[in-house]
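S.K.: Below is the file my_file.pdb, with PDB, C-alpha atoms.
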```
ATOM      1  CA  GLN V   1      43.435 166.563 218.097
ATOM      2  CA  VAL V   2      46.056 167.505 215.534
ATOM      3  CA  GLN V   3      49.388 166.343 216.892
ATOM      4  CA  LEU V   4      52.679 164.544 216.340
ATOM      5  CA  VAL V   5      53.691 162.088 219.070
ATOM      6  CA  HIS V   6      57.255 160.892 219.401
ATOM      7  CA  SER V   7      58.700 157.678 220.729
ATOM      8  CA  GLY V   8      60.520 157.704 224.035
ATOM      9  CA  ALA V   9      64.055 158.739 224.908
ATOM     10  CA  GLU V  10      66.935 156.530 223.784
ATOM     11  CA  VAL V  11      70.438 155.901 225.100
ATOM     12  CA  LYS V  12      72.902 154.456 222.611
ATOM     13  CA  MET V  13      76.541 153.473 222.441
ATOM     14  CA  PRO V  14      78.843 155.132 219.898
ATOM     15  CA  GLY V  15      78.641 153.376 216.555
ATOM     16  CA  ALA V  16      75.110 152.109 217.129
ATOM     17  CA  SER V  17      71.951 153.070 215.261
ATOM     18  CA  VAL V  18      68.767 154.634 216.574
ATOM     19  CA  ARG V  19      65.259 154.744 215.155
ATOM     20  CA  VAL V  20      62.866 157.457 216.263
ATOM     21  CA  SER V  21      59.183 157.364 215.430
ATOM     22  CA  CYS V  22      56.638 160.128 215.003
ATOM     23  CA  LYS V  23      52.937 159.268 214.966
ATOM     24  CA  ALA V  24      50.559 161.740 213.333
ATOM     25  CA  SER V  25      46.931 162.162 214.266
ATOM     26  CA  GLY V  26      44.079 164.550 213.583
ATOM     27  CA  TYR V  27      44.929 165.258 209.949
ATOM     28  CA  THR V  28      45.458 163.483 206.620
ATOM     29  CA  PHE V  29      48.877 161.893 207.035
ATOM     30  CA  LYS V  30      49.653 161.655 203.335
ATOM     31  CA  ALA V  31      48.863 165.332 202.671
ATOM     32  CA  HIS V  32      51.913 166.847 204.340
ATOM     33  CA  PHE V  33      55.644 166.263 204.077
ATOM     34  CA  LEU V  34      57.252 165.405 207.398
ATOM     35  CA  HIS V  35      60.632 166.881 208.256
ATOM     36  CA  TRP V  36      63.174 165.947 210.894
ATOM     37  CA  VAL V  37      65.015 168.666 212.795
ATOM     38  CA  ARG V  38      67.477 168.120 215.608
ATOM     39  CA  GLN V  39      68.745 170.280 218.441
ATOM     40  CA  ALA V  40      71.876 169.464 220.403
ATOM     41  CA  PRO V  41      71.922 170.527 224.064
ATOM     42  CA  GLY V  42      72.097 174.309 224.301
ATOM     43  CA  GLN V  43      72.418 174.612 220.527
ATOM     44  CA  GLY V  44      70.262 175.711 217.618
ATOM     45  CA  LEU V  45      67.939 173.900 215.249
ATOM     46  CA  GLU V  46      69.387 171.814 212.428
ATOM     47  CA  TRP V  47      67.355 170.596 209.450
ATOM     48  CA  MET V  48      67.981 166.937 208.604
ATOM     49  CA  GLY V  49      65.613 166.115 205.770
ATOM     50  CA  TRP V  50      62.077 165.177 204.792
ATOM     51  CA  VAL V  51      59.923 162.227 203.841
ATOM     52  CA  ASN V  52      56.886 162.446 201.596
ATOM     53  CA  PRO V  53      54.329 160.244 203.380
ATOM     54  CA  ASN V  54      52.379 159.782 200.149
ATOM     55  CA  SER V  55      55.179 158.461 197.927
ATOM     56  CA  GLY V  56      57.900 157.591 200.425
ATOM     57  CA  ALA V  57      60.362 159.866 198.620
ATOM     58  CA  THR V  58      63.039 161.436 200.764
ATOM     59  CA  LEU V  59      65.607 164.210 200.672
ATOM     60  CA  PHE V  60      68.365 164.630 203.207
ATOM     61  CA  ALA V  61      70.698 167.413 204.221
ATOM     62  CA  GLN V  62      74.147 166.814 202.764
ATOM     63  CA  LYS V  63      75.618 166.460 206.233
ATOM     64  CA  PHE V  64      73.527 163.347 206.946
ATOM     65  CA  GLN V  65      73.540 161.641 203.574
ATOM     66  CA  GLY V  66      74.702 158.047 203.889
ATOM     67  CA  ARG V  67      73.901 157.947 207.590
ATOM     68  CA  VAL V  68      70.187 158.720 207.778
ATOM     69  CA  THR V  69      67.096 156.904 206.569
ATOM     70  CA  MET V  70      63.552 158.286 206.678
ATOM     71  CA  THR V  71      60.583 156.014 206.117
ATOM     72  CA  ARG V  72      56.886 155.916 206.842
ATOM     73  CA  ASP V  73      54.109 153.422 207.517
ATOM     74  CA  THR V  74      50.863 154.793 206.150
ATOM     75  CA  SER V  75      48.817 152.048 207.826
ATOM     76  CA  ILE V  76      49.587 153.575 211.224
ATOM     77  CA  ASN V  77      50.289 157.179 210.212
ATOM     78  CA  THR V  78      53.831 156.996 211.515
ATOM     79  CA  ALA V  79      57.132 158.335 210.208
ATOM     80  CA  TYR V  80      60.540 157.037 211.196
ATOM     81  CA  MET V  81      64.025 158.490 211.236
ATOM     82  CA  GLU V  82      66.974 156.145 211.606
ATOM     83  CA  LEU V  83      70.477 157.483 212.176
ATOM     84  CA  SER V  84      73.451 155.123 212.042
ATOM     85  CA  GLY V  85      77.072 155.366 213.096
ATOM     86  CA  LEU V  86      76.139 157.388 216.150
ATOM     87  CA  ARG V  87      78.728 159.700 217.682
ATOM     88  CA  SER V  88      78.666 161.726 220.866
ATOM     89  CA  ASP V  89      77.842 164.862 218.893
ATOM     90  CA  ASP V  90      74.637 163.196 217.687
ATOM     91  CA  THR V  91      73.279 163.644 221.209
ATOM     92  CA  ALA V  92      70.261 165.844 220.637
ATOM     93  CA  VAL V  93      66.504 166.179 220.725
ATOM     94  CA  TYR V  94      65.116 164.968 217.416
ATOM     95  CA  TYR V  95      61.880 166.638 216.302
ATOM     96  CA  CYS V  96      59.498 165.744 213.546
ATOM     97  CA  ALA V  97      57.711 168.716 212.027
ATOM     98  CA  ARG V  98      54.856 168.903 209.548
ATOM     99  CA  GLU V  99      55.320 171.017 206.448
ATOM    100  CA  SER V 100      52.386 173.341 205.917
ATOM    101  CA  SER V 101      50.326 172.454 202.862
ATOM    102  CA  GLY V 102      51.333 174.709 199.987
ATOM    103  CA  TYR V 103      53.775 176.702 202.070
ATOM    104  CA  ARG V 104      57.401 176.189 202.947
ATOM    105  CA  ASN V 105      57.270 176.223 206.711
ATOM    106  CA  PHE V 106      56.723 173.899 209.652
ATOM    107  CA  ASP V 107      53.332 174.476 211.211
ATOM    108  CA  LEU V 108      53.130 171.521 213.598
ATOM    109  CA  TRP V 109      55.905 170.055 215.738
ATOM    110  CA  GLY V 110      56.193 167.038 217.954
ATOM    111  CA  ARG V 111      57.680 167.376 221.431
ATOM    112  CA  GLY V 112      60.820 165.598 220.321
ATOM    113  CA  THR V 113      62.812 162.519 221.293
ATOM    114  CA  LEU V 114      66.040 162.841 223.255
ATOM    115  CA  VAL V 115      68.778 160.601 221.902
ATOM    116  CA  SER V 116      71.841 160.347 224.103
ATOM    117  CA  VAL V 117      75.038 158.809 222.752
ATOM    118  CA  SER V 118      77.523 157.798 225.381
ATOM    119  CA  SER V 119      79.886 154.983 226.181
TER
ATOM    120  CA  GLN F  26      75.021 174.992 203.648
ATOM    121  CA  SER F  27      75.915 177.476 206.420
ATOM    122  CA  ALA F  28      73.442 178.510 209.078
ATOM    123  CA  LEU F  29      71.767 181.868 208.691
ATOM    124  CA  THR F  30      73.323 184.523 210.941
ATOM    125  CA  GLN F  31      71.324 185.950 213.845
ATOM    126  CA  PRO F  32      72.454 188.037 216.822
ATOM    127  CA  ALA F  33      73.034 185.839 219.854
ATOM    128  CA  SER F  34      70.877 187.995 222.087
ATOM    129  CA  VAL F  35      68.492 190.931 222.016
ATOM    130  CA  SER F  36      66.840 192.568 225.005
ATOM    131  CA  GLY F  37      64.192 195.171 225.676
ATOM    132  CA  SER F  38      61.917 196.518 228.351
ATOM    133  CA  PRO F  39      58.213 195.715 228.511
ATOM    134  CA  GLY F  40      56.304 197.760 225.955
ATOM    135  CA  GLN F  41      59.321 198.418 223.774
ATOM    136  CA  SER F  42      59.930 197.088 220.272
ATOM    137  CA  ILE F  43      62.842 194.900 219.286
ATOM    138  CA  THR F  44      64.060 193.602 215.937
ATOM    139  CA  ILE F  45      65.965 190.398 215.232
ATOM    140  CA  SER F  46      67.930 190.142 212.005
ATOM    141  CA  CYS F  47      68.573 187.003 209.980
ATOM    142  CA  THR F  48      71.265 187.229 207.309
ATOM    143  CA  GLY F  49      71.664 184.639 204.606
ATOM    144  CA  THR F  50      72.866 184.574 201.033
ATOM    145  CA  THR F  51      71.598 184.830 197.479
ATOM    146  CA  THR F  52      70.837 181.091 197.526
ATOM    147  CA  ASP F  53      68.433 181.159 200.461
ATOM    148  CA  VAL F  54      66.984 184.339 202.032
ATOM    149  CA  GLY F  55      67.843 186.453 199.000
ATOM    150  CA  ARG F  56      66.360 184.035 196.483
ATOM    151  CA  HIS F  57      63.148 182.834 198.163
ATOM    152  CA  ASN F  58      60.263 184.547 199.936
ATOM    153  CA  SER F  59      59.913 181.470 202.136
ATOM    154  CA  VAL F  60      61.398 182.784 205.367
ATOM    155  CA  SER F  61      59.739 181.661 208.573
ATOM    156  CA  TRP F  62      60.310 182.429 212.233
ATOM    157  CA  TYR F  63      59.942 180.126 215.238
ATOM    158  CA  GLN F  64      59.630 180.848 218.936
ATOM    159  CA  GLN F  65      60.976 178.299 221.396
ATOM    160  CA  HIS F  66      60.487 178.448 225.133
ATOM    161  CA  PRO F  67      62.768 176.309 227.320
ATOM    162  CA  ARG F  68      62.097 172.581 227.092
ATOM    163  CA  GLU F  69      59.347 173.116 224.521
ATOM    164  CA  ALA F  70      59.020 172.466 220.800
ATOM    165  CA  PRO F  71      59.386 175.399 218.394
ATOM    166  CA  LYS F  72      56.246 177.307 217.405
ATOM    167  CA  LEU F  73      55.657 178.936 214.020
ATOM    168  CA  MET F  74      55.274 182.716 214.392
ATOM    169  CA  ILE F  75      55.797 184.088 210.861
ATOM    170  CA  PHE F  76      55.840 182.439 207.436
ATOM    171  CA  ASP F  77      56.458 183.641 203.886
ATOM    172  CA  VAL F  78      58.430 186.603 205.306
ATOM    173  CA  THR F  79      55.425 188.599 206.520
ATOM    174  CA  GLU F  80      52.476 186.270 207.153
ATOM    175  CA  ARG F  81      51.156 185.405 210.611
ATOM    176  CA  PRO F  82      49.475 182.077 211.334
ATOM    177  CA  SER F  83      46.065 182.204 212.926
ATOM    178  CA  GLY F  84      46.371 182.756 216.656
ATOM    179  CA  VAL F  85      49.727 184.533 216.605
ATOM    180  CA  SER F  86      49.645 188.035 218.074
ATOM    181  CA  ASN F  87      49.838 190.953 215.640
ATOM    182  CA  ARG F  88      52.682 192.264 217.796
ATOM    183  CA  PHE F  89      54.885 189.963 215.707
ATOM    184  CA  SER F  90      55.775 191.109 212.208
ATOM    185  CA  GLY F  91      58.309 190.160 209.570
ATOM    186  CA  SER F  92      60.114 191.799 206.684
ATOM    187  CA  LYS F  93      62.948 191.210 204.257
ATOM    188  CA  SER F  94      65.471 193.277 202.346
ATOM    189  CA  GLY F  95      67.956 191.584 200.078
ATOM    190  CA  ASN F  96      69.661 188.743 201.930
ATOM    191  CA  THR F  97      68.428 189.818 205.365
ATOM    192  CA  ALA F  98      65.085 189.037 206.964
ATOM    193  CA  SER F  99      63.873 190.581 210.190
ATOM    194  CA  LEU F 100      61.402 189.802 212.947
ATOM    195  CA  THR F 101      59.993 192.692 214.961
ATOM    196  CA  ILE F 102      58.216 192.243 218.275
ATOM    197  CA  SER F 103      56.314 195.324 219.319
ATOM    198  CA  GLY F 104      54.842 195.985 222.751
ATOM    199  CA  LEU F 105      57.281 193.523 224.294
ATOM    200  CA  GLN F 106      55.757 191.321 226.994
ATOM    201  CA  ALA F 107      57.284 188.996 229.577
ATOM    202  CA  GLU F 108      55.896 185.963 227.728
ATOM    203  CA  ASP F 109      57.933 186.916 224.655
ATOM    204  CA  GLU F 110      61.134 185.939 226.443
ATOM    205  CA  ALA F 111      62.303 182.914 224.456
ATOM    206  CA  ASP F 112      64.686 181.781 221.741
ATOM    207  CA  TYR F 113      63.815 182.763 218.176
ATOM    208  CA  TYR F 114      64.980 181.033 215.013
ATOM    209  CA  CYS F 115      64.624 182.068 211.413
ATOM    210  CA  CYS F 116      64.468 179.501 208.658
ATOM    211  CA  SER F 117      64.712 179.852 204.907
ATOM    212  CA  PHE F 118      63.874 177.563 202.040
ATOM    213  CA  ALA F 119      67.006 177.021 199.970
ATOM    214  CA  GLY F 120      65.838 174.535 197.371
ATOM    215  CA  GLY F 121      68.120 174.404 194.391
ATOM    216  CA  SER F 122      71.229 174.696 196.520
ATOM    217  CA  SER F 123      72.756 171.988 198.682
ATOM    218  CA  ASP F 124      69.983 171.631 201.287
ATOM    219  CA  ASP F 125      66.264 172.358 201.083
ATOM    220  CA  TYR F 126      66.078 174.329 204.332
ATOM    221  CA  VAL F 127      68.497 176.187 206.568
ATOM    222  CA  PHE F 128      67.903 177.540 210.077
ATOM    223  CA  GLY F 129      69.368 180.577 211.709
ATOM    224  CA  THR F 130      71.790 180.443 214.617
ATOM    225  CA  GLY F 131      69.100 181.547 217.052
ATOM    226  CA  THR F 132      68.519 184.647 219.173
ATOM    227  CA  LYS F 133      67.781 184.756 222.884
ATOM    228  CA  VAL F 134      65.256 187.490 223.619
ATOM    229  CA  THR F 135      65.330 188.827 227.164
ATOM    230  CA  VAL F 136      62.612 191.045 228.605
ATOM    231  CA  LEU F 137      64.268 193.314 231.138
TER
END
```
Could you spell out this file's structure in structure tokens?
M.R.:
Amino acid sequence: QVQLVHSGAEVKMPGASVRVSCKASGYTFKAHFLHWVRQAPGQGLEWMGWVNPNSGATLFAQKFQGRVTMTRDTSINTAYMELSGLRSDDTAVYYCARESSGYRNFDLWGRGTLVSVSS
Amino acid sequence: QSALTQPASVSGSPGQSITISCTGTTTDVGRHNSVSWYQQHPREAPKLMIFDVTERPSGVSNRFSGSKSGNTASLTISGLQAEDEADYYCCSFAGGSSDDYVFGTGTKVTVL
């Protein structure tokens, strides 16, 4: 079954870091860029960046540069997104989404990981 | 990179057609034919409905169609059905500017 499976919900203190994982199955992991998109409660979608599972190259939205890291482990077909210096407005559902091969869109989404930041 | 502008809400009766606009700039919607649309039901992940402005993925109803003129893309839902009630987001590739992708502000579609 073609799917992206996220790690479980996280609760973090302000200033901490969080790492969210996204495990791919049912397709060739290295063949598709993986993107991270977040959605704050009641808000819209926000693109954060991508990781190339083949090379490990990354590109981040300007807003998150310096605070986000995206990596992958090809031995277990898993991508990771780590966000540091958490603030209350980082509370959101974090989605990984597969970029369609040869097209600029997101054709497969995980169910997301809720990250709550609260003291 | 500013979010693409969508109306906050659009409504229609069953069987009617509605259109959602998505306005960007010359660096995103106006420059690239890589506009996609996503449907999101409450507490669910987004689902791709339209890509490359006008293309429908396999399995998506032909009641959904897309278009673009200048800096504005549009999604039309014809023959509105109760199951179409959801949030809809446009997204444009913007490579070459500050960020690679930018999403729209989102539109709540209500079936009356």
S.K.: What is the distance between CA of Ala57 in chain V and CA of Cys115 in chain F, in Å to one decimal?
M.R.: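 Calculated distance between CA of Ala57 in chain V and CA of Cys115 in chain F is 26.0 Å.
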S.K.: Quick one: of F:Leu29, F:Ala111, F:Ala70, F:Leu100, who's nearest to Gly110 in chain V, counting all atoms listed in the file?
M.R.: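 When distances to Gly110 in chain V are compared using all atoms listed in the file, the smallest one comes from F:Ala70.
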S.K.: Check which residues satisfy the ChimeraX specification (/F :<6) & /V in the file shown, then give them as a PyMOL selection string.
M.R.: chain V and resi 44+61+104+107+111
S.K.: Go ahead and dump the residues you just picked, C-alpha atoms, as a PDB file, keeping the file's coordinate frame.
M.R.:
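This went into selection.pdb:
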```pdb
ATOM      1  CA  GLY V  44      70.262 175.711 217.618  1.00  0.00           C
ATOM      2  CA  ALA V  61      70.698 167.413 204.221  1.00  0.00           C
ATOM      3  CA  ARG V 104      57.401 176.189 202.947  1.00  0.00           C
ATOM      4  CA  ASP V 107      53.332 174.476 211.211  1.00  0.00           C
ATOM      5  CA  ARG V 111      57.680 167.376 221.431  1.00  0.00           C
TER       6      ARG V 111
END
```
S.K.: Starting from the shown file, work through the PyMOL selection byres ((chain V and resi 83) around 8) and note down what comes out as an MDAnalysis selection string.
M.R.: chainID V and resid 17:19 67:69 81:82 84:86
S.K.: Between CA of Ser36 in chain F and CA of Arg81 in chain F, what distance in Å does the model show, to one decimal?
M.R.: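 The value is 22.5 Å.
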S.K.: Report as a PyMOL selection string the residues that result from applying the PyMOL selection byres ((chain F and resi 110) around 10) to the structure here.
M.R.: chain F and resi 35-37+64-67+105-109+111-113+133-137
S.K.: Extract range 32-78 of chain F from the structure I just pasted (atoms: N, CA and C atoms) and return it as a short mmCIF file (atom, residue, chain, number, x, y, z; two decimals), in the first residue's frame.
M.R.:
```
data_model
loop_
_atom_site.label_atom_id
_atom_site.label_comp_id
_atom_site.auth_asym_id
_atom_site.auth_seq_id
_atom_site.Cartn_x
_atom_site.Cartn_y
_atom_site.Cartn_z
N PRO F 32 -10.92 33.59 -1.70
CA PRO F 32 -12.05 34.04 -0.87
C PRO F 32 -12.17 33.13 0.34
N ALA F 33 -12.58 33.70 1.46
CA ALA F 33 -12.68 32.90 2.69
C ALA F 33 -13.75 31.83 2.58
N SER F 34 -14.83 32.14 1.88
CA SER F 34 -15.92 31.17 1.78
C SER F 34 -16.68 31.34 0.48
N VAL F 35 -17.20 30.22 0.01
CA VAL F 35 -18.05 30.16 -1.17
C VAL F 35 -19.13 29.14 -0.87
N SER F 36 -20.36 29.43 -1.28
CA SER F 36 -21.44 28.48 -1.04
C SER F 36 -22.29 28.31 -2.28
N GLY F 37 -23.00 27.20 -2.33
CA GLY F 37 -23.89 26.91 -3.44
C GLY F 37 -24.85 25.79 -3.08
N SER F 38 -25.90 25.70 -3.82
CA SER F 38 -26.89 24.65 -3.61
C SER F 38 -26.49 23.40 -4.39
N PRO F 39 -26.99 22.26 -3.97
CA PRO F 39 -26.69 21.02 -4.71
C PRO F 39 -27.06 21.17 -6.18
N GLY F 40 -26.16 20.73 -7.05
CA GLY F 40 -26.39 20.79 -8.48
C GLY F 40 -25.85 22.05 -9.13
N GLN F 41 -25.62 23.07 -8.34
CA GLN F 41 -25.08 24.32 -8.89
C GLN F 41 -23.58 24.20 -9.15
N SER F 42 -23.04 25.23 -9.81
CA SER F 42 -21.60 25.33 -10.02
C SER F 42 -21.06 26.49 -9.20
N ILE F 43 -19.86 26.29 -8.67
CA ILE F 43 -19.19 27.37 -7.96
C ILE F 43 -17.76 27.48 -8.47
N THR F 44 -17.19 28.67 -8.31
CA THR F 44 -15.80 28.90 -8.73
C THR F 44 -15.04 29.58 -7.61
N ILE F 45 -13.85 29.05 -7.35
CA ILE F 45 -12.96 29.60 -6.32
C ILE F 45 -11.77 30.22 -7.02
N SER F 46 -11.47 31.46 -6.70
CA SER F 46 -10.33 32.14 -7.32
C SER F 46 -9.10 32.04 -6.43
N CYS F 47 -7.95 32.21 -7.05
CA CYS F 47 -6.66 32.10 -6.36
C CYS F 47 -5.72 33.11 -7.03
N THR F 48 -5.49 34.23 -6.36
CA THR F 48 -4.73 35.31 -6.98
C THR F 48 -3.32 35.40 -6.41
N GLY F 49 -2.36 35.35 -7.30
CA GLY F 49 -0.96 35.45 -6.91
C GLY F 49 -0.30 36.63 -7.59
N THR F 50 0.95 36.41 -7.98
CA THR F 50 1.73 37.48 -8.59
C THR F 50 2.47 36.96 -9.82
N THR F 51 3.26 37.82 -10.41
CA THR F 51 4.03 37.43 -11.59
C THR F 51 5.18 36.50 -11.26
N THR F 52 5.44 36.27 -9.97
CA THR F 52 6.53 35.36 -9.59
C THR F 52 6.03 33.96 -9.26
N ASP F 53 4.73 33.78 -9.17
CA ASP F 53 4.22 32.44 -8.86
C ASP F 53 3.14 32.03 -9.88
N VAL F 54 1.88 32.33 -9.60
CA VAL F 54 0.80 31.90 -10.50
C VAL F 54 1.00 32.43 -11.91
N GLY F 55 1.41 33.67 -12.04
CA GLY F 55 1.57 34.28 -13.35
C GLY F 55 2.75 33.77 -14.15
N ARG F 56 3.74 33.21 -13.45
CA ARG F 56 4.96 32.77 -14.13
C ARG F 56 4.94 31.27 -14.47
N HIS F 57 4.29 30.47 -13.65
CA HIS F 57 4.37 29.01 -13.78
C HIS F 57 3.00 28.38 -14.02
N ASN F 58 2.96 27.37 -14.85
CA ASN F 58 1.73 26.60 -15.04
C ASN F 58 1.72 25.38 -14.10
N SER F 59 2.19 25.61 -12.89
CA SER F 59 2.25 24.54 -11.88
C SER F 59 1.37 24.93 -10.71
N VAL F 60 0.09 25.15 -11.00
CA VAL F 60 -0.89 25.45 -9.96
C VAL F 60 -1.67 24.17 -9.66
N SER F 61 -1.78 23.86 -8.41
CA SER F 61 -2.53 22.68 -7.98
C SER F 61 -3.57 23.09 -6.96
N TRP F 62 -4.56 22.23 -6.80
CA TRP F 62 -5.66 22.46 -5.87
C TRP F 62 -5.83 21.24 -4.97
N TYR F 63 -6.11 21.50 -3.69
CA TYR F 63 -6.25 20.45 -2.69
C TYR F 63 -7.57 20.61 -1.95
N GLN F 64 -8.20 19.48 -1.71
CA GLN F 64 -9.43 19.42 -0.93
C GLN F 64 -9.09 18.86 0.44
N GLN F 65 -9.62 19.49 1.48
CA GLN F 65 -9.36 18.99 2.84
C GLN F 65 -10.65 18.95 3.63
N HIS F 66 -11.05 17.75 3.99
CA HIS F 66 -12.18 17.58 4.90
C HIS F 66 -11.67 17.70 6.33
N PRO F 67 -12.55 18.02 7.27
CA PRO F 67 -12.13 18.21 8.66
C PRO F 67 -11.36 17.01 9.20
N ARG F 68 -10.25 17.31 9.86
CA ARG F 68 -9.43 16.30 10.53
C ARG F 68 -8.85 15.27 9.54
N GLU F 69 -8.75 15.65 8.29
CA GLU F 69 -8.13 14.77 7.30
C GLU F 69 -6.97 15.48 6.61
N ALA F 70 -6.12 14.69 5.96
CA ALA F 70 -5.02 15.26 5.18
C ALA F 70 -5.56 15.84 3.88
N PRO F 71 -4.89 16.81 3.31
CA PRO F 71 -5.29 17.34 2.00
C PRO F 71 -5.23 16.26 0.92
N LYS F 72 -6.05 16.45 -0.11
CA LYS F 72 -6.10 15.53 -1.25
C LYS F 72 -5.95 16.33 -2.54
N LEU F 73 -5.06 15.87 -3.41
CA LEU F 73 -4.83 16.55 -4.69
C LEU F 73 -6.04 16.39 -5.60
N MET F 74 -6.55 17.52 -6.11
CA MET F 74 -7.73 17.50 -6.97
C MET F 74 -7.42 17.95 -8.40
N ILE F 75 -6.50 18.91 -8.53
CA ILE F 75 -6.11 19.45 -9.84
C ILE F 75 -4.61 19.73 -9.80
N PHE F 76 -3.90 19.45 -10.88
CA PHE F 76 -2.50 19.82 -10.97
C PHE F 76 -2.22 20.42 -12.34
N ASP F 77 -1.11 21.13 -12.45
CA ASP F 77 -0.73 21.80 -13.70
C ASP F 77 -1.91 22.59 -14.27
N VAL F 78 -2.57 23.33 -13.42
CA VAL F 78 -3.68 24.25 -13.73
C VAL F 78 -4.98 23.53 -14.09
#
```
